Amino acid sequence: MHPTRLTAAVAALALSASLATALAGPASAAPQAQPVPPGHGRSLALAAADSAAASGLDELRHGADEDLVRTSVTPWANGLYYAAYQRTYKGLPVHGGGDAVVLSDSSGKVRDVSGSAAPAIKVSTSAKVTAEKALATARGQLAAVESASAPELTVLLKGGKPVLAWHTLVVGTTAKSLPSSLDTYVDARTGKVAQATDKVRHAEGRGYHNGNVTIDTAAGSMTDTSRGAFKCGGQNGSAYTGSSPWGNGGANDLVTACVDIMYAAQRESDMLKEWFGYNGINGQGGMVPARAGLSQVNAYYDGTKTTYGRNQNGTNQLTGIDVVAHEYGHEIFDRTPGSAGSSNENGGLNESTGDIFGALTEHYADNPNDTPDYTVGEELNFTGNNQPIRNMYNPSLINNDPNCYPQLSSGTEVHAAAGPQNHWFYLLAEGSNPGGGKPNSPICSGGPSSVTGIGIQKAGKIFMGALLLKTSSWNHLAARRATLTTAKNTYGATECNAVKAAWNAIGVPAQSGETDCGGTTTPDFSLSLNPSSGSAQPDTQVTATVDTSTTGGSAQTVQLSASGAPSGVSVSFDPASVTSGNSSTMTVKVAAGTPNGTYPITVTGTGSATHTVTYQLTVGTTTPPTGCDNTEYTYRGTLASGQAAAQPDGSYYYSASAGTHVGCLRGPAGTDFDLYLQKWNGAGWADVAVGGTASADEDTRYYGTAGYYRYVVHAYSGSGAYTLGLSAP
C-alpha cells in the first residue's frame, strides 16, 4: 500500500461525499392544459404541436385511457416554440416515462419531437392506502422533516411496470444529519415505499468574493420582489433585514455571503433573459430562495431552496459566482421538461448543467474579482488543497474525472460523470486549440483532428434550447440529438456542424434520426469499438465490431489496420475496408503459449483523416482471485489500471457499535492493488486504515467506533478481477 499516492481516482470518491449538490426538486402538480396565448403564429405552432401529440407522432403513442396534456410553452428564436407534454392515465399524472416535447414553428410546421418511450399502462386507480398514511410513511424516511408536499395520487412506472402510488417530496435531514430532499412514492395498495430518490447528492452591497457590487433588494430586507420574491437569509429561512450597503465584506459574515449569492443568482437570471430570451431561472421570472451559513463543507439545491456552507478550512463561505450559478443551474435542469432522473448518467448531466451555467454566468458577469474561466470553485479552496473541484477543458486534471463518453459506466459518481458534457461544452464554445491564452483541450480517441469553437454565448443558447427538449429519459445520446436540432433551427449549418464535431470529439456516437446539419463540411469520419475490451484464453479468439460514421461531408472509404498486438496475437478485419457509416468485424486470435496479461491494441482507420481507438485484450483467466474465506462478506469486481471502486457495491455500510473492521483484498497476480478503509466524519470520507504492501494482496484491521464505513479498492498498476472480503462489528 502507498498511503501518499491516493490517486485522483480515489480522491474523486472521497470528494463525492464532501460536496453534495442536488439532482432535482419536487415534481409539479397534476398537469393542467395551457390556454393558447394570443398571436396567430403561436396559435399555429401550438396547434401543430397538439396535433403531433394527439396523432402519436414518433414516441408519443398512448392508449385509450391515456392522454398527453400540454404543461408548458416556451417561445424561442426564429418563431420557434417548445411545447412540453405530461402523460396521464385516467386523469392521473404518470412519472417515469411517456413525457414528450414538440418543437414547432409559427407557420405550423413540426420541427422535432422528443419523447420518452414507455409501455402501455393497465392498473387500478383505486387507492387502498389513504393520503395521510402515505404521508406519514414518507416523512418517516427522514430523521427530521422540514417540509413535505401534499401527497398526489399518480402512476409510477417502475421497471416498466405501473404502480399506483402517492407521490410527495419530503425535505429534511437524514440520521447522519445530512441534507435530504426525498422524492418519495408510496404504493397506494400496500402502503410500502415503492421508490425514494434523494434529490440532494452528497456544490449596492459589499461582497467577499465579488467585491462592491449592486444587488436588487427591498428597502429593509434581502428580498428581490422583481424575481419571484427571491430572498436570502440564514438557516431559519427568513431573509436578512437591515439596510444598504449590505454586508461588511468579511469572509465569514453571512450577510456578506448573501450579497455574493444574490449578485451571482441575479446575474444568472439576467444572462438567461439577455442572451437566450429565457424568462429567468425557473422559466417564469423567479427562482427558489437561498440560505447561507450551513456549518458543513457543502452547497446544494433541493427543489425548494439553495443552501451554502463553508470550505474545508473554514476560511470563507462557498458563495463564489460559479458555485451559486451551479446550484441554480440545478433548478434550471429541474424546471425544464423531463425534470431530473435518478440514474448516474442523468445525474452527471445535471451536475454538468450546473457547471455550464456557472461558466456562462462568470462570462456574463465579467467580474474582475472572479475572471471568467472554465474551472469550478477555483476561488473557494473547497477542500483545502487550493485546487478547483472540476475542470471543464480537461476534466481528467481533477480527480482523474473522465474526459470521454466511453469512459462512463453505470457506477460513475455523478460529479465525475459531469466530465464528458463539460468537455463537450468547452470544445463547442472555445475549440480544441482556441489561442488567446485560453487552454487547449484534448480530443478523445476516434474523434476529429480538431474542433473550432463558436463562442460561449452561442454555445450556451444551443445548450439551453436543448434542455427545453429534455424528457425523463435524458442521457448523452439524447443530448446530442437535441443540441443538433436546436443548433440547426436556431442558427444554421455552421453551428450545427460545430455541435456535431464537439460530440464526436468526446466519443458520443451519431444517433439514428438526428438532424442533417447541411452546408459544406470537411469530409471526416469517426471510429468506435463495441466492445472496447475482451478476454481470451490461449489458442482461442475473440471478436469485436468496428463501427464507423460519417461526421463531415460525404461518406468515404476507411481502411482498417491494427498495431501493438503482442507476439502470438494476430488481428484481422472482415471487411478490411468499409464505407463510413458501416461496420467491420475484428477478430483477435490468441496463439497457444501466449503469456497471460493485459495488452492494448491500437485500431486505426485511415481515410481523408486518420483516427485510432484502443482495444484492451486480456489473455488468460478472468476469474477473480480466491481467498479471504474467513471474512463475513465477499464482494468481487474488475478494475483497469488507475481505476478505483467503493465497496460494498459502490456504497457504504453502517456499524451500530464499536468493534474491529477486517478487510481482505486479493487482486490479480503481478499487479499492485491498494485497499483503504474510510469512515464518514460528517463532512467527507477519511482514511482510517490502509493496507501495508505494494502487491496484489492487502489486509486491513481497524478498531473503530459506531458510524458509516466503506472500503476503496484502487488498481495502482495492472488490471483485472479482485475479491474483497470484509467483516464488521
# chains A, B, ... in the order shown; residues from 1 in each chain; ligands from 1
call {"tool": "residues_around", "arguments": {"residues": "region 448-458 of chain A", "least_positions_apart": "4", "cutoff": "8 Å", "atoms": "only C-alpha atoms", "output": "list in words"}}
result
Trp275, Leu360, Leu427, Leu428, Ala429, Glu430, Gly431, Ser432, Asn433, Pro434, Ile443, Ile462, Glu495, Ala498, Ala501, Ala502, Asn504, Ala505, Asp524, Phe525, Ser526, Ala609 and His611 of chain A
call {"tool": "select_by_dssp", "arguments": {"residues": "region 254-475 of chain A", "states": "helix (DSSP H, G or I)", "output": "NGL selection string"}}
result
:A and (254-276 or 321-335 or 344-365 or 395-397 or 405-407 or 416-430 or 456-467)
call {"tool": "residues_around", "arguments": {"residues": "Pro395 (chain A)", "least_positions_apart": "5", "cutoff": "8 Å", "atoms": "only C-alpha atoms", "output": "list in words"}}
result
Arg390, Asn400, Asp401, Pro402, Asn403, Gly419, Pro420, Asn422 and His423 of chain A
call {"tool": "write_last_selection", "arguments": {"atoms": "N, CA and C atoms", "output": "short mmCIF file (atom, residue, chain, number, x, y, z; two decimals), in the first residue's frame"}}
result
data_model
loop_
_atom_site.label_atom_id
_atom_site.label_comp_id
_atom_site.auth_asym_id
_atom_site.auth_seq_id
_atom_site.Cartn_x
_atom_site.Cartn_y
_atom_site.Cartn_z
N ARG A 390 -13.59 20.92 -10.22
CA ARG A 390 -13.75 20.31 -11.54
C ARG A 390 -13.13 21.21 -12.60
N ASN A 400 -8.93 12.79 -11.84
CA ASN A 400 -8.94 11.85 -12.97
C ASN A 400 -10.37 11.60 -13.47
N ASP A 401 -11.21 12.66 -13.42
CA ASP A 401 -12.57 12.54 -13.93
C ASP A 401 -12.53 12.20 -15.42
N PRO A 402 -13.53 11.48 -15.92
CA PRO A 402 -13.50 11.07 -17.34
C PRO A 402 -13.66 12.25 -18.29
N ASN A 403 -12.84 12.28 -19.32
CA ASN A 403 -12.96 13.26 -20.39
C ASN A 403 -13.96 12.82 -21.45
N GLY A 419 -17.94 15.10 -16.39
CA GLY A 419 -16.78 15.37 -17.22
C GLY A 419 -17.03 15.41 -18.72
N PRO A 420 -17.63 14.37 -19.32
CA PRO A 420 -17.78 14.38 -20.78
C PRO A 420 -18.58 15.56 -21.32
N ASN A 422 -19.15 18.47 -19.83
CA ASN A 422 -18.36 19.67 -19.59
C ASN A 422 -17.31 19.85 -20.68
N HIS A 423 -16.64 18.76 -21.02
CA HIS A 423 -15.62 18.76 -22.06
C HIS A 423 -16.24 19.16 -23.40
#
call {"tool": "residues_around", "arguments": {"residues": "Gln312 (chain A)", "least_positions_apart": "2", "cutoff": "6 Å", "atoms": "only C-alpha atoms", "output": "mmCIF file with C-alpha atoms, in the first residue's frame"}}
result
data_model
loop_
_atom_site.group_PDB
_atom_site.id
_atom_site.type_symbol
_atom_site.label_atom_id
_atom_site.label_comp_id
_atom_site.auth_asym_id
_atom_site.auth_seq_id
_atom_site.Cartn_x
_atom_site.Cartn_y
_atom_site.Cartn_z
ATOM 1 C CA VAL A 297 -18.439 21.718 3.526
ATOM 2 C CA GLY A 314 -13.484 27.491 7.353
ATOM 3 C CA PHE A 382 -13.161 23.860 -1.178
ATOM 4 C CA THR A 383 -11.089 21.012 0.223
ATOM 5 C CA GLY A 384 -8.042 22.894 1.480
#
call {"tool": "closest_residue", "arguments": {"among": "A:Ile281, A:Ala669, A:Leu675, A:Ala576", "to": "Ala696 (chain A)", "atoms": "only C-alpha atoms"}}
result
A:Ala669
call {"tool": "closest_residue", "arguments": {"among": "A:Ser72, A:Asn236, A:Asn311, A:Thr173", "to": "Ala292 (chain A)", "atoms": "only C-alpha atoms"}}
result
A:Asn236
call {"tool": "closest_residue", "arguments": {"among": "A:Ala562, A:Ala706, A:Leu164, A:Ala536", "to": "Asn596 (chain A)", "atoms": "only C-alpha atoms"}}
result
A:Ala536
call {"tool": "select_by_dssp", "arguments": {"residues": "region 336-428 of chain A", "states": "strand (DSSP E)", "output": "number ranges by chain"}}
result
A: 375-376, 390-391
call {"tool": "atom_distance", "arguments": {"atom1": "CA of Val170 (chain A)", "atom2": "CA of Glu351 (chain A)"}}
result
21.7 Å
call {"tool": "closest_residue", "arguments": {"among": "A:Gly650, A:Gly568, A:Leu156, A:Ser717", "to": "Gly411 (chain A)", "atoms": "only C-alpha atoms"}}
result
A:Gly650
call {"tool": "residues_around", "arguments": {"residues": "Gly191 (chain A)", "least_positions_apart": "5", "cutoff": "9 Å", "atoms": "only C-alpha atoms", "output": "list in words"}}
result
Lys128, Val129, Thr130, Lys133, Ala134, Thr137, Ala165 and Val186 of chain A
call {"tool": "write_last_selection", "arguments": {"atoms": "all heavy atoms", "output": "PDB file, in the first residue's frame"}}
result
ATOM      1  N   LYS A 128     -56.009   1.959  -1.796  1.00  0.00           N
ATOM      2  CA  LYS A 128     -56.391   1.324  -0.530  1.00  0.00           C
ATOM      3  C   LYS A 128     -55.759   2.033   0.666  1.00  0.00           C
ATOM      4  O   LYS A 128     -56.221   1.885   1.790  1.00  0.00           O
ATOM      5  CB  LYS A 128     -55.979  -0.145  -0.552  1.00  0.00           C
ATOM      6  CG  LYS A 128     -56.746  -0.999  -1.553  1.00  0.00           C
ATOM      7  CD  LYS A 128     -56.356  -2.470  -1.440  1.00  0.00           C
ATOM      8  CE  LYS A 128     -57.183  -3.323  -2.392  1.00  0.00           C
ATOM      9  NZ  LYS A 128     -56.829  -4.763  -2.294  1.00  0.00           N
ATOM     10  N   VAL A 129     -54.662   2.747   0.415  1.00  0.00           N
ATOM     11  CA  VAL A 129     -53.957   3.474   1.463  1.00  0.00           C
ATOM     12  C   VAL A 129     -54.321   4.952   1.359  1.00  0.00           C
ATOM     13  O   VAL A 129     -54.325   5.519   0.261  1.00  0.00           O
ATOM     14  CB  VAL A 129     -52.429   3.294   1.314  1.00  0.00           C
ATOM     15  CG1 VAL A 129     -51.680   4.133   2.337  1.00  0.00           C
ATOM     16  CG2 VAL A 129     -52.063   1.828   1.439  1.00  0.00           C
ATOM     17  N   THR A 130     -54.657   5.577   2.473  1.00  0.00           N
ATOM     18  CA  THR A 130     -55.045   6.985   2.446  1.00  0.00           C
ATOM     19  C   THR A 130     -53.822   7.873   2.232  1.00  0.00           C
ATOM     20  O   THR A 130     -52.675   7.480   2.486  1.00  0.00           O
ATOM     21  CB  THR A 130     -55.718   7.401   3.757  1.00  0.00           C
ATOM     22  OG1 THR A 130     -54.772   7.304   4.832  1.00  0.00           O
ATOM     23  CG2 THR A 130     -56.922   6.504   4.054  1.00  0.00           C
ATOM     24  N   LYS A 133     -51.858   8.359   5.552  1.00  0.00           N
ATOM     25  CA  LYS A 133     -50.952   7.267   5.920  1.00  0.00           C
ATOM     26  C   LYS A 133     -49.723   7.264   5.009  1.00  0.00           C
ATOM     27  O   LYS A 133     -48.601   7.004   5.468  1.00  0.00           O
ATOM     28  CB  LYS A 133     -51.690   5.931   5.839  1.00  0.00           C
ATOM     29  CG  LYS A 133     -52.707   5.713   6.945  1.00  0.00           C
ATOM     30  CD  LYS A 133     -53.334   4.313   6.861  1.00  0.00           C
ATOM     31  CE  LYS A 133     -54.310   4.087   8.002  1.00  0.00           C
ATOM     32  NZ  LYS A 133     -54.933   2.734   7.935  1.00  0.00           N
ATOM     33  N   ALA A 134     -49.926   7.550   3.738  1.00  0.00           N
ATOM     34  CA  ALA A 134     -48.791   7.597   2.817  1.00  0.00           C
ATOM     35  C   ALA A 134     -47.827   8.714   3.210  1.00  0.00           C
ATOM     36  O   ALA A 134     -46.603   8.546   3.164  1.00  0.00           O
ATOM     37  CB  ALA A 134     -49.283   7.798   1.389  1.00  0.00           C
ATOM     38  N   THR A 137     -45.765   7.672   6.157  1.00  0.00           N
ATOM     39  CA  THR A 137     -44.711   6.742   5.740  1.00  0.00           C
ATOM     40  C   THR A 137     -43.567   7.485   5.076  1.00  0.00           C
ATOM     41  O   THR A 137     -42.388   7.223   5.350  1.00  0.00           O
ATOM     42  CB  THR A 137     -45.281   5.697   4.770  1.00  0.00           C
ATOM     43  OG1 THR A 137     -46.293   4.941   5.436  1.00  0.00           O
ATOM     44  CG2 THR A 137     -44.195   4.751   4.281  1.00  0.00           C
ATOM     45  N   ALA A 165     -49.435   5.035  -6.896  1.00  0.00           N
ATOM     46  CA  ALA A 165     -48.633   5.487  -5.763  1.00  0.00           C
ATOM     47  C   ALA A 165     -49.004   6.904  -5.353  1.00  0.00           C
ATOM     48  O   ALA A 165     -49.506   7.704  -6.155  1.00  0.00           O
ATOM     49  CB  ALA A 165     -47.145   5.428  -6.121  1.00  0.00           C
ATOM     50  N   VAL A 186     -45.145   6.220  -2.423  1.00  0.00           N
ATOM     51  CA  VAL A 186     -45.656   5.191  -1.517  1.00  0.00           C
ATOM     52  C   VAL A 186     -46.743   4.417  -2.253  1.00  0.00           C
ATOM     53  O   VAL A 186     -47.716   5.006  -2.749  1.00  0.00           O
ATOM     54  CB  VAL A 186     -46.211   5.807  -0.222  1.00  0.00           C
ATOM     55  CG1 VAL A 186     -46.825   4.724   0.659  1.00  0.00           C
ATOM     56  CG2 VAL A 186     -45.113   6.548   0.525  1.00  0.00           C
TER      57      VAL A 186
END
call {"tool": "closest_residue", "arguments": {"among": "A:Leu380, A:Ala479, A:Ala265, A:Leu617", "to": "Tyr364 (chain A)", "atoms": "only C-alpha atoms"}}
result
A:Ala265
call {"tool": "residues_around", "arguments": {"residues": "Thr336 (chain A)", "least_positions_apart": "4", "cutoff": "12 Å", "atoms": "only C-alpha atoms", "output": "number ranges by chain"}}
result
A: 24-25, 27-28, 71-74, 82-85, 100-101, 278-284, 329-332, 340, 350, 353, 464-472, 474
call {"tool": "write_last_selection", "arguments": {"atoms": "N, CA and C atoms", "output": "compact mmCIF listing (two decimals), in the first residue's frame"}}
result
# COMPACT_ATOMS: atom_id res chain seq x y z
N ALA A 24 -32.42 17.20 -8.34
CA ALA A 24 -33.71 17.67 -8.82
C ALA A 24 -34.52 18.19 -7.66
N GLY A 25 -35.73 18.61 -7.96
CA GLY A 25 -36.61 19.12 -6.93
C GLY A 25 -37.95 18.44 -6.99
N ALA A 27 -41.68 17.23 -7.82
CA ALA A 27 -42.45 17.08 -9.06
C ALA A 27 -43.55 18.12 -9.06
N SER A 28 -43.95 18.51 -10.24
CA SER A 28 -45.01 19.51 -10.35
C SER A 28 -46.35 18.89 -9.99
N THR A 71 -48.26 21.06 -20.77
CA THR A 71 -47.99 21.64 -19.46
C THR A 71 -47.24 22.95 -19.52
N SER A 72 -46.52 23.21 -20.61
CA SER A 72 -45.80 24.48 -20.72
C SER A 72 -45.52 24.79 -22.17
N VAL A 73 -45.36 26.08 -22.46
CA VAL A 73 -44.99 26.55 -23.79
C VAL A 73 -43.88 27.58 -23.61
N THR A 74 -42.77 27.38 -24.30
CA THR A 74 -41.64 28.29 -24.19
C THR A 74 -41.31 28.86 -25.56
N TYR A 82 -41.32 25.65 -27.95
CA TYR A 82 -41.20 24.33 -27.34
C TYR A 82 -42.47 24.08 -26.52
N ALA A 83 -43.19 23.01 -26.82
CA ALA A 83 -44.40 22.64 -26.08
C ALA A 83 -44.14 21.32 -25.36
N ALA A 84 -44.24 21.34 -24.03
CA ALA A 84 -43.98 20.14 -23.22
C ALA A 84 -45.30 19.46 -22.87
N TYR A 85 -45.27 18.12 -22.84
CA TYR A 85 -46.47 17.31 -22.60
C TYR A 85 -46.22 16.31 -21.48
N ALA A 100 -43.08 14.13 -23.25
CA ALA A 100 -42.59 14.49 -24.58
C ALA A 100 -42.52 16.00 -24.73
N VAL A 101 -41.73 16.43 -25.73
CA VAL A 101 -41.64 17.84 -26.11
C VAL A 101 -41.73 17.92 -27.62
N TYR A 278 -34.78 33.62 -22.33
CA TYR A 278 -35.47 32.70 -21.43
C TYR A 278 -35.81 33.45 -20.15
N ASN A 279 -36.98 33.23 -19.60
CA ASN A 279 -37.51 34.05 -18.51
C ASN A 279 -37.00 33.62 -17.14
N GLY A 280 -35.73 33.85 -16.89
CA GLY A 280 -35.17 33.62 -15.55
C GLY A 280 -34.93 32.17 -15.23
N ILE A 281 -34.54 31.92 -14.00
CA ILE A 281 -34.09 30.59 -13.57
C ILE A 281 -35.18 29.54 -13.75
N ASN A 282 -36.39 29.82 -13.30
CA ASN A 282 -37.45 28.80 -13.36
C ASN A 282 -38.32 28.92 -14.60
N GLY A 283 -37.95 29.81 -15.54
CA GLY A 283 -38.73 29.99 -16.76
C GLY A 283 -39.94 30.88 -16.58
N GLN A 284 -40.19 31.32 -15.35
CA GLN A 284 -41.35 32.16 -15.05
C GLN A 284 -40.92 33.44 -14.33
N GLY A 329 -28.25 26.35 -11.56
CA GLY A 329 -28.28 25.53 -12.77
C GLY A 329 -29.06 24.25 -12.54
N HIS A 330 -29.00 23.71 -11.33
CA HIS A 330 -29.82 22.53 -11.00
C HIS A 330 -31.31 22.87 -11.06
N GLU A 331 -31.68 24.09 -10.64
CA GLU A 331 -33.09 24.46 -10.74
C GLU A 331 -33.51 24.56 -12.20
N ILE A 332 -32.62 25.08 -13.07
CA ILE A 332 -32.93 25.14 -14.50
C ILE A 332 -33.16 23.73 -15.03
N ALA A 340 -35.63 15.86 -13.51
CA ALA A 340 -34.35 15.18 -13.32
C ALA A 340 -34.60 13.71 -13.04
N ASN A 350 -26.85 16.48 -15.08
CA ASN A 350 -27.37 17.52 -14.19
C ASN A 350 -26.21 18.30 -13.57
N THR A 353 -24.70 20.43 -16.14
CA THR A 353 -25.55 21.60 -16.39
C THR A 353 -25.22 22.71 -15.40
N MET A 464 -29.14 25.67 -23.80
CA MET A 464 -30.41 26.00 -23.16
C MET A 464 -31.58 25.50 -23.99
N GLY A 465 -31.50 25.68 -25.31
CA GLY A 465 -32.57 25.19 -26.17
C GLY A 465 -32.71 23.69 -26.12
N ALA A 466 -31.57 22.99 -25.99
CA ALA A 466 -31.62 21.53 -25.89
C ALA A 466 -32.30 21.08 -24.61
N LEU A 467 -32.08 21.82 -23.51
CA LEU A 467 -32.74 21.47 -22.25
C LEU A 467 -34.27 21.57 -22.37
N LEU A 468 -34.73 22.43 -23.26
CA LEU A 468 -36.17 22.56 -23.48
C LEU A 468 -36.74 21.39 -24.28
N LEU A 469 -35.87 20.53 -24.82
CA LEU A 469 -36.30 19.28 -25.47
C LEU A 469 -36.09 18.07 -24.56
N LYS A 470 -35.68 18.30 -23.35
CA LYS A 470 -35.34 17.22 -22.42
C LYS A 470 -36.59 16.44 -22.00
N THR A 471 -36.46 15.12 -21.88
CA THR A 471 -37.52 14.28 -21.33
C THR A 471 -36.95 13.46 -20.18
N SER A 472 -37.79 12.63 -19.57
CA SER A 472 -37.37 11.87 -18.39
C SER A 472 -36.32 10.82 -18.72
N TRP A 474 -33.52 11.37 -20.35
CA TRP A 474 -32.37 12.17 -20.80
C TRP A 474 -31.05 11.47 -20.55
